[in-house]
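K.L.:
My questions will all concern the structure given below.
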There are 2 protein chains.
Amino acid sequence: MENWLSKRARLTPNRCALKSGAKQLTFFQLQAQVLQQAGRIASLQPRKRVAILTDNTMTGYLTILAVQQLGLEPVLLNWRLATNELNQQLNDAAVDLCLAADRLAQPLAARVISFSQLSQQTPVASTPVAEFPPNGIASIMYTSGTSGRAKGVLQTYRNHFFSAMGSVLNLGLTETDSWLCCVPLFHISGLSIMMRSLIYGMTVVLVDHFDATTINQLLCTQPITTISVVPYMLKKLLAQLPTDKHYNAAFRCMLLGGGAIDRETLTHCQQRQIPVIQSYGMTETASQIVALNFASAEQKIGSAGQPLFPVQIKITPENATNGHILIKTPTLAAGYLNQMAAFKQHFQHGWFDTGDIGYLDAEGFLFVTGRSGDMINSGGENMFPAEIETVYQQHPAVQQIVVAGQSDPTWGSVPVAYLQLNQPISAAELQQYGRQHLAHYKVPHAFYQVESFPRTGNGKVKRRALTPASGRPLQ
Amino acid sequence: MENWLSKRARLTPNRCALKSGAKQLTFFQLQAQVLQQAGRIASLQPRKRVAILTDNTMTGYLTILAVQQLGLEPVLLNWRLATNELNQQLNDAAVDLCLAADRLAQPLAARVISFSQLSQQTPVASTPVAEFPPNGIASIMYTSGTSGRAKGVLQTYRNHFFSAMGSVLNLGLTETDSWLCCVPLFHISGLSIMMRSLIYGMTVVLVDHFDATTINQLLCTQPITTISVVPYMLKKLLAQLPTDKHYNAAFRCMLLGGGAIDRETLTHCQQRQIPVIQSYGMTETASQIVALNFASAEQKIGSAGQPLFPVQIKITPENATNGHILIKTPTLAAGYLNQMAAFKQHFQHGWFDTGDIGYLDAEGFLFVTGRSGDMINSGGENMFPAEIETVYQQHPAVQQIVVAGQSDPTWGSVPVAYLQLNQPISAAELQQYGRQHLAHYKVPHAFYQVESFPRTGNGKVKRRALTPASGRPLQ
């Protein structure tokens, strides 16, 4: 396919491509600015891969696109990572040039050029690539994982194209579509919005950090059609949306990633007529591959939804209630950089094992019950942290709970819980509550109150980093 | 990808898939009926390919889909063809079973089973294919061409998918979209609507024959968003649309194939606020690959538009005003059945030569000026019939004109014209008119009045079948 930016600048030159604060660019202007930035980057004589360390700013946006225009591979770095984690990724990707937002620039295991320094460069003549080859690497981003070495996921142009197609066949498209991006550009949730903008000819409203009041204001007053959020964002938006305000009439999708919605939040969305579309996906699938439409949310609560049009899902063993979730999708990444063996281990007869556990109901709706590595086998009984957490999350005293397995001389392993509380409560009361709602073997054997949870750079709780020493045992 | 019908029946079971007269089917019902029809076809022990000879009826629609469900290749026959032409295609495709609408059933070089006979068959158990393989043949249809042997175009599922994507990225998509199909299902114009219905989850309003009053009535009163037409249909619709009627509010696309619009018709569309989107494509590209949006129609009159998102076009020699139109598109057919050499001859360094002649303007809009085989070289000057025809088509006496080359001892070849007239006119007057508007060498040397034009099964004028003996010379 032709270079998407060239194509889009030709097809819809005057349509708005990007809004960031008071600034905005048409696709024609976007192309001009991206090519200027590409010329500056070319002056630094970059090699095959260029790392980018940025927050959600217009310059960061232009820079990512500019690297693609040069036919190079952007390596998207998470600025929440520690220096040594960043260096591991730079080394793994053999990157010698890192372009960094001024506030994020720091000495790293690569030549670091701040955006200010970059803006001083005199652009050199550089021809943008004529085509985006389907199997060319469009982006590399590291999944920190909850254990083990970070893996550089190789996302191709084909992956992004089919991801955009799967989404459009579910969410529709109009020529005035506009997607608010307050999720990070260095995550697939943010990057996929950028790629869709080029493919769809769609406006991106770029927001640098999540502030519920600001976002609600934008959604009420601007013709924004879609926003991507994670659960905590959705809850904040709902909590802070004034009762006399409504999102603009064109708004049609609150796209929620990162876990199924709880009934209370769903009810709240229904009351406020906010069409929440839940989704399931991963860095390896170039964003959502399963989605639950608003109309089915009530009936299928707890489900991640149905596989998008280009996506197939199966459970193995077939019809298992806690089986492995296997997928076949044209959005599946080309591999893990330098770890192709680890990538290939996921495959079973052409299907990719997501590492997630769950089941499909009779109508083909997916329910994700846990991660395979998180399974707790207690005296021959299998359970997943998520089912226990879901029960306790309903208890008013519990602010957040994470369950993990702990080795046990009698049972092999037993579930224990790590919590943050809204109000004091005893371990006995929590166990009593658990026995009312769960099989007895699933009731945590101990409860530890923690100050905070250990998290990966992507914000996922590192379940396996939790030990009794992480907290204070409740009595 | 998963079998599109299975997928769609799961994703949107209750959405309306098909309306035909008073009958309508949801996707769930469509699947049930198609599978029943597949069971009946399976009882006939079909081989790899099954021919279908049908008009635009619900049974024909179900039958085409049923053949795909069995993993077989539908060969779509044009019922306007003569028996010997049909037999040539049946033989070429090695088809031994032809399913035919009752009124079209006739003795042919294959076992012919009428739809009535088919309905008497007891369905046998048959499992629909799990997947539609991207390179699997979804449909075979013969391009009659204006000369030479008919070619069976091998259209893959991938072709249809990308065609649907190119269209959606131009025309948008909503969950209430509805496409009126009065173009034949045995042409790519009609078949592509069927395929899009499965991919988009879109309603098809199937109409068996073109009657402007009926179609206008449907477009005014039903929530139809799109219709595919050819120029004569558009003109009739415009002429017969009562001045106090408007198409329904959701209507957003009159998709016109088969030639650029004239200014008068465009003005008429603008006055009636009918968004006409012109398009260019061919059987080999699984429908439109270039489209001219309504907003650009005025400024770019005569243009076929811009290549759709997945499509690339180039002209060779570069910047030629009458160059060959070359394309690169994922919708390009897999080949011609039994004539792969003829197919491969079209390729130049990975680009497919359409056989059409034209140019791209500075903004990338395509203008098609003729067919390469139609070029007339007269004393070293090249010209195309279309440019001459366009000029004469403006003359009030001329109803229709077709220009062709005729060998000439002095000039090698000269243009001559074949016409149908609105009113009597002399050859001298027509030559005088031509000299005012054309280079002198382009003015036809002779004018022949004809009763009718020889046409292919697809309705294209067979330019090269015209000879002076075809008509009566104007004095």
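Chain labels follow the order of the structure tokens: the first chain is A, the next B, and so on; residue numbering restarts at 1 in every chain, and ligands are counted from 1 in their shown order.
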Would you list which chain B residues are within 7 Å of chain A using only C-alpha atoms, as a short mmCIF file (atom, residue, chain, number, x, y, z; two decimals) with all heavy atoms, in the first residue's frame?

P.N.:
```
data_model
loop_
_atom_site.label_atom_id
_atom_site.label_comp_id
_atom_site.auth_asym_id
_atom_site.auth_seq_id
_atom_site.Cartn_x
_atom_site.Cartn_y
_atom_site.Cartn_z
N MET B 1 -9.59 -15.87 7.51
CA MET B 1 -10.73 -15.32 8.24
C MET B 1 -11.85 -16.33 8.33
O MET B 1 -12.03 -17.18 7.48
CB MET B 1 -11.28 -14.10 7.49
CG MET B 1 -10.64 -12.82 7.94
SD MET B 1 -11.59 -11.43 7.26
CE MET B 1 -10.21 -10.48 6.66
N GLU B 2 -12.62 -16.15 9.41
CA GLU B 2 -13.78 -17.02 9.57
C GLU B 2 -14.75 -16.82 8.41
O GLU B 2 -14.83 -15.72 7.84
CB GLU B 2 -14.47 -16.66 10.89
CG GLU B 2 -15.59 -17.61 11.25
CD GLU B 2 -16.21 -17.30 12.62
OE1 GLU B 2 -15.59 -16.55 13.40
OE2 GLU B 2 -17.31 -17.82 12.88
N LYS B 7 -19.82 -15.67 10.71
CA LYS B 7 -19.38 -14.56 11.56
C LYS B 7 -20.48 -13.52 11.69
O LYS B 7 -20.80 -13.07 12.80
CB LYS B 7 -18.15 -13.92 10.90
CG LYS B 7 -17.49 -12.84 11.70
CD LYS B 7 -16.68 -13.43 12.82
CE LYS B 7 -15.90 -12.39 13.57
NZ LYS B 7 -15.06 -13.03 14.59
N ARG B 10 -23.40 -14.43 13.76
CA ARG B 10 -23.09 -14.40 15.20
C ARG B 10 -23.01 -12.96 15.71
O ARG B 10 -23.48 -12.64 16.79
CB ARG B 10 -21.79 -15.16 15.46
CG ARG B 10 -21.45 -15.35 16.90
CD ARG B 10 -21.22 -16.80 17.31
NE ARG B 10 -20.64 -17.60 16.26
CZ ARG B 10 -19.39 -17.50 15.81
NH1 ARG B 10 -18.56 -16.63 16.34
NH2 ARG B 10 -18.95 -18.29 14.86
N LEU B 169 -13.80 3.06 3.52
CA LEU B 169 -12.93 4.18 3.89
C LEU B 169 -13.27 5.43 3.08
O LEU B 169 -12.88 6.53 3.44
CB LEU B 169 -11.44 3.81 3.70
CG LEU B 169 -10.93 2.76 4.70
CD1 LEU B 169 -9.50 2.36 4.38
CD2 LEU B 169 -11.03 3.27 6.14
N GLY B 172 -17.82 5.61 4.27
CA GLY B 172 -18.25 5.53 5.67
C GLY B 172 -19.18 4.35 5.89
O GLY B 172 -19.51 3.59 4.97
N LEU B 173 -19.61 4.19 7.15
CA LEU B 173 -20.42 3.04 7.53
C LEU B 173 -21.19 3.36 8.81
O LEU B 173 -20.62 3.91 9.75
CB LEU B 173 -19.52 1.82 7.77
CG LEU B 173 -20.21 0.52 8.14
CD1 LEU B 173 -21.02 -0.03 6.99
CD2 LEU B 173 -19.16 -0.52 8.57
N THR B 174 -22.48 3.03 8.79
CA THR B 174 -23.24 3.09 10.04
C THR B 174 -23.98 1.77 10.18
O THR B 174 -24.12 1.02 9.22
CB THR B 174 -24.28 4.23 10.06
OG1 THR B 174 -25.44 3.82 9.32
CG2 THR B 174 -23.73 5.51 9.45
N GLU B 175 -24.46 1.51 11.39
CA GLU B 175 -25.08 0.20 11.59
C GLU B 175 -26.47 0.12 10.98
O GLU B 175 -27.08 -0.95 10.95
CB GLU B 175 -25.09 -0.19 13.07
CG GLU B 175 -25.85 0.77 13.96
CD GLU B 175 -25.67 0.43 15.43
OE1 GLU B 175 -24.75 -0.31 15.79
OE2 GLU B 175 -26.49 0.91 16.23
N TYR B 200 -19.99 -5.93 6.24
CA TYR B 200 -20.42 -4.75 7.02
C TYR B 200 -21.56 -5.05 7.99
O TYR B 200 -21.79 -4.27 8.91
CB TYR B 200 -20.96 -3.66 6.09
CG TYR B 200 -20.04 -3.08 5.05
CD1 TYR B 200 -20.56 -2.34 3.98
CD2 TYR B 200 -18.66 -3.23 5.11
CE1 TYR B 200 -19.75 -1.78 3.02
CE2 TYR B 200 -17.85 -2.67 4.14
CZ TYR B 200 -18.39 -1.95 3.09
OH TYR B 200 -17.59 -1.40 2.13
N PHE B 309 -8.28 4.16 -0.80
CA PHE B 309 -7.16 4.06 0.14
C PHE B 309 -6.21 2.89 -0.14
O PHE B 309 -4.99 3.10 -0.16
CB PHE B 309 -7.68 4.00 1.58
CG PHE B 309 -6.59 4.27 2.57
CD1 PHE B 309 -6.25 5.56 2.93
CD2 PHE B 309 -5.85 3.22 3.11
CE1 PHE B 309 -5.21 5.81 3.81
CE2 PHE B 309 -4.81 3.46 3.99
CZ PHE B 309 -4.49 4.76 4.35
N PRO B 310 -6.70 1.68 -0.42
CA PRO B 310 -5.73 0.59 -0.64
C PRO B 310 -5.15 0.54 -2.06
O PRO B 310 -4.37 -0.36 -2.35
CB PRO B 310 -6.55 -0.69 -0.38
CG PRO B 310 -7.86 -0.24 0.18
CD PRO B 310 -8.07 1.16 -0.31
N VAL B 311 -5.50 1.48 -2.90
CA VAL B 311 -5.19 1.38 -4.33
C VAL B 311 -4.12 2.39 -4.75
O VAL B 311 -4.15 3.53 -4.31
CB VAL B 311 -6.48 1.63 -5.16
CG1 VAL B 311 -6.19 1.58 -6.66
CG2 VAL B 311 -7.57 0.65 -4.77
N GLN B 312 -3.21 1.95 -5.60
CA GLN B 312 -2.23 2.87 -6.18
C GLN B 312 -2.40 2.87 -7.70
O GLN B 312 -2.69 1.85 -8.30
CB GLN B 312 -0.82 2.42 -5.86
CG GLN B 312 -0.48 2.47 -4.39
CD GLN B 312 0.97 2.05 -4.13
OE1 GLN B 312 1.91 2.76 -4.47
NE2 GLN B 312 1.14 0.89 -3.56
N GLU B 363 -3.31 17.01 -8.66
CA GLU B 363 -3.80 16.59 -7.35
C GLU B 363 -4.10 15.09 -7.28
O GLU B 363 -4.72 14.62 -6.33
CB GLU B 363 -5.05 17.40 -6.99
CG GLU B 363 -4.72 18.86 -6.76
CD GLU B 363 -5.98 19.72 -6.65
OE1 GLU B 363 -6.69 19.86 -7.66
OE2 GLU B 363 -6.23 20.23 -5.57
#
```

K.L.:
From the DSSP assignment of the backbone, select every residue of range 358-393 of chain B that is alpha helix (DSSP H), and format the answer as a VMD selection string.

P.N.:
chain B and resid 385 to 393

K.L.:
What would the file look like if the residues just selected were written as an mmCIF file, in the first residue's frame with C-alpha atoms?

P.N.:
```cif
data_model
loop_
_atom_site.group_PDB
_atom_site.id
_atom_site.type_symbol
_atom_site.label_atom_id
_atom_site.label_comp_id
_atom_site.auth_asym_id
_atom_site.auth_seq_id
_atom_site.Cartn_x
_atom_site.Cartn_y
_atom_site.Cartn_z
ATOM 1 C CA PRO B 385 -12.452 7.834 -29.748
ATOM 2 C CA ALA B 386 -13.639 9.139 -26.383
ATOM 3 C CA GLU B 387 -12.377 12.680 -26.905
ATOM 4 C CA ILE B 388 -14.126 12.896 -30.263
ATOM 5 C CA GLU B 389 -17.281 11.306 -28.936
ATOM 6 C CA THR B 390 -17.414 13.695 -26.009
ATOM 7 C CA VAL B 391 -17.422 16.692 -28.348
ATOM 8 C CA TYR B 392 -20.108 15.324 -30.627
ATOM 9 C CA GLN B 393 -22.232 14.124 -27.739
#
```

K.L.:
Identify, on the basis of only C-alpha atoms, every residue whose closest approach to range 314-319 of chain A does not exceed 12 Å; exclude the query and any residue fewer than 6 positions from it along the same chain; express the result as a ChimeraX atom specification.

P.N.:
/A:306-307,325-329,348-362,364-368 /B:2

K.L.:
Contacts of Ile137 in chain A at 10 Å or less, counting only C-alpha atoms, minus same-chain residues fewer than 5 places along, as a list in words?

P.N.:
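Counting only the stated atoms, we get Arg49, Gln68, Gly71, Leu72, Glu73, Pro74, Phe132, Val153, Leu154, Gln155, Thr156, Tyr157, Arg158, Asn159, Ala333 and Ala334 of chain A.
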
K.L.:
How about saving the chosen residues, all heavy atoms kept, as a tab-separated table (two decimals), in the first residue's frame?

P.N.:
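In the end it all went to out.tsv:
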```tsv
chain	number	residue	atom	x	y	z
A	49	ARG	N	16.56	1.70	13.54
A	49	ARG	CA	15.53	1.95	14.56
A	49	ARG	C	15.83	3.25	15.30
A	49	ARG	O	16.98	3.56	15.59
A	49	ARG	CB	15.49	0.82	15.57
A	49	ARG	CG	15.16	-0.51	14.95
A	49	ARG	CD	14.79	-1.57	15.98
A	49	ARG	NE	14.65	-2.83	15.25
A	49	ARG	CZ	15.53	-3.83	15.29
A	49	ARG	NH1	16.62	-3.75	16.05
A	49	ARG	NH2	15.32	-4.92	14.58
A	68	GLN	N	8.49	6.91	10.71
A	68	GLN	CA	7.88	6.01	9.73
A	68	GLN	C	8.08	6.51	8.30
A	68	GLN	O	8.30	5.72	7.39
A	68	GLN	CB	6.37	5.86	10.01
A	68	GLN	CG	6.06	5.12	11.30
A	68	GLN	CD	4.56	4.96	11.53
A	68	GLN	OE1	3.77	5.75	11.05
A	68	GLN	NE2	4.19	3.93	12.27
A	71	GLY	N	11.06	5.39	6.63
A	71	GLY	CA	11.20	3.94	6.45
A	71	GLY	C	11.93	3.28	7.61
A	71	GLY	O	12.40	2.16	7.49
A	72	LEU	N	12.02	4.00	8.73
A	72	LEU	CA	12.70	3.46	9.91
A	72	LEU	C	11.66	2.96	10.91
A	72	LEU	O	10.46	3.21	10.77
A	72	LEU	CB	13.56	4.55	10.55
A	72	LEU	CG	14.55	5.23	9.58
A	72	LEU	CD1	15.29	6.35	10.28
A	72	LEU	CD2	15.53	4.20	9.03
A	73	GLU	N	12.15	2.24	11.92
A	73	GLU	CA	11.25	1.61	12.88
A	73	GLU	C	11.24	2.39	14.20
A	73	GLU	O	12.24	2.42	14.91
A	73	GLU	CB	11.69	0.17	13.12
A	73	GLU	CG	11.72	-0.66	11.84
A	73	GLU	CD	12.31	-2.05	12.03
A	73	GLU	OE1	12.76	-2.40	13.15
A	73	GLU	OE2	12.32	-2.81	11.04
A	74	PRO	N	10.12	3.01	14.54
A	74	PRO	CA	10.07	3.71	15.83
A	74	PRO	C	9.99	2.71	16.99
A	74	PRO	O	9.18	1.78	16.95
A	74	PRO	CB	8.78	4.54	15.76
A	74	PRO	CG	8.06	4.15	14.53
A	74	PRO	CD	8.87	3.16	13.76
A	132	PHE	N	4.10	1.73	2.34
A	132	PHE	CA	4.21	1.10	3.66
A	132	PHE	C	4.09	-0.39	3.40
A	132	PHE	O	2.97	-0.90	3.21
A	132	PHE	CB	3.08	1.57	4.59
A	132	PHE	CG	3.30	2.89	5.27
A	132	PHE	CD1	4.42	3.67	5.01
A	132	PHE	CD2	2.39	3.36	6.21
A	132	PHE	CE1	4.63	4.89	5.66
A	132	PHE	CE2	2.59	4.57	6.87
A	132	PHE	CZ	3.70	5.33	6.59
A	153	VAL	N	7.60	-6.03	20.94
A	153	VAL	CA	6.58	-6.54	20.03
A	153	VAL	C	6.71	-5.84	18.68
A	153	VAL	O	6.73	-4.61	18.61
A	153	VAL	CB	5.16	-6.34	20.61
A	153	VAL	CG1	4.11	-6.86	19.65
A	153	VAL	CG2	5.05	-7.03	21.96
A	154	LEU	N	6.83	-6.65	17.64
A	154	LEU	CA	7.03	-6.13	16.28
A	154	LEU	C	5.67	-5.98	15.61
A	154	LEU	O	5.08	-6.96	15.16
A	154	LEU	CB	7.91	-7.09	15.48
A	154	LEU	CG	9.31	-7.35	16.07
A	154	LEU	CD1	9.99	-8.50	15.35
A	154	LEU	CD2	10.16	-6.09	16.01
A	155	GLN	N	5.18	-4.75	15.53
A	155	GLN	CA	3.87	-4.49	14.92
A	155	GLN	C	4.06	-4.03	13.48
A	155	GLN	O	4.79	-3.07	13.23
A	155	GLN	CB	3.12	-3.42	15.72
A	155	GLN	CG	2.79	-3.89	17.14
A	155	GLN	CD	2.51	-2.75	18.09
A	155	GLN	OE1	2.89	-1.61	17.85
A	155	GLN	NE2	1.85	-3.06	19.19
A	156	THR	N	3.40	-4.69	12.56
A	156	THR	CA	3.58	-4.36	11.14
A	156	THR	C	2.49	-3.39	10.67
A	156	THR	O	1.48	-3.18	11.34
A	156	THR	CB	3.48	-5.64	10.29
A	156	THR	OG1	2.15	-6.15	10.40
A	156	THR	CG2	4.48	-6.70	10.72
A	157	TYR	N	2.71	-2.83	9.49
A	157	TYR	CA	1.67	-1.98	8.89
A	157	TYR	C	0.40	-2.78	8.65
A	157	TYR	O	-0.71	-2.28	8.82
A	157	TYR	CB	2.19	-1.33	7.61
A	157	TYR	CG	3.20	-0.24	7.90
A	157	TYR	CD1	4.56	-0.45	7.74
A	157	TYR	CD2	2.79	0.99	8.39
A	157	TYR	CE1	5.49	0.53	8.06
A	157	TYR	CE2	3.70	1.98	8.71
A	157	TYR	CZ	5.05	1.75	8.55
A	157	TYR	OH	5.95	2.72	8.87
A	158	ARG	N	0.58	-4.02	8.24
A	158	ARG	CA	-0.58	-4.89	8.05
A	158	ARG	C	-1.37	-5.06	9.35
A	158	ARG	O	-2.59	-5.01	9.36
A	158	ARG	CB	-0.08	-6.26	7.54
A	158	ARG	CG	-1.14	-7.29	7.30
A	158	ARG	CD	-0.55	-8.47	6.52
A	158	ARG	NE	-1.57	-9.45	6.25
A	158	ARG	CZ	-1.83	-10.49	7.05
A	158	ARG	NH1	-1.13	-10.68	8.14
A	158	ARG	NH2	-2.79	-11.34	6.73
A	159	ASN	N	-0.65	-5.25	10.46
A	159	ASN	CA	-1.33	-5.36	11.75
A	159	ASN	C	-2.19	-4.14	12.02
A	159	ASN	O	-3.36	-4.25	12.39
A	159	ASN	CB	-0.30	-5.46	12.90
A	159	ASN	CG	0.52	-6.74	12.91
A	159	ASN	OD1	1.62	-6.74	13.46
A	159	ASN	ND2	0.02	-7.81	12.32
A	333	ALA	N	1.05	-9.66	15.87
A	333	ALA	CA	2.38	-9.12	15.61
A	333	ALA	C	3.26	-10.13	14.89
A	333	ALA	O	3.01	-11.34	14.92
A	333	ALA	CB	3.04	-8.72	16.93
A	334	ALA	N	4.32	-9.61	14.26
A	334	ALA	CA	5.25	-10.46	13.53
A	334	ALA	C	6.15	-11.25	14.47
A	334	ALA	O	6.78	-12.22	14.06
A	334	ALA	CB	6.09	-9.61	12.59
```

K.L.:
For Ile41 in chain A, which of A:Ile64, A:Met195, A:Ala260, A:Val207 is the closest residue, counting only C-alpha atoms?

P.N.:
A:Ile64

K.L.:
Check the smallest atom-to-atom distance from each of B:Pro223, B:Pro231, B:Gly459, B:Pro396 to Phe251 in chain B using only C-alpha atoms, then report the winner.

P.N.:
B:Pro223

K.L.:
Which residues come within 9 Å of range 100-110 of chain B, counting only C-alpha atoms, excluding same-chain residues fewer than 4 positions away, as a list in words?

P.N.:
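Non-adjacent residues within range: Ala51, Ile52, Leu53, Thr54, Asp55, Thr57, Thr59, Gly60, Trp79, Thr83, Asn84, Leu86, Asn87, Gln88, Leu90, Asn91, Ala94, Val95, Asp96, Ser114, Phe115, Ser116 and Gln117 of chain B.
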
K.L.:
Under the rule that only C-alpha atoms are counted, which of A:His395, A:Arg272, A:Arg40, A:Arg263 is the nearest residue to Lys300 in chain A?

P.N.:
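Closest to Lys300 in chain A of all the choices is A:Arg263.
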
K.L.:
Pull the strand (DSSP E) assignments for range 229-447 of chain A out of DSSP run on the backbone, and list those residues as a PyMOL selection string.

P.N.:
chain A and resi 229+253-256+276-282+287-292+306-307+312-316+323-328+335-336+347-348+351-360+366-371+376-378+381-383+398-408+412-421+447

K.L.:
In Å to one decimal, how far is CA of His268 in chain A from CA of Met233 in chain A?

P.N.:
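Computing it gives 13.8 Å between the two atoms.
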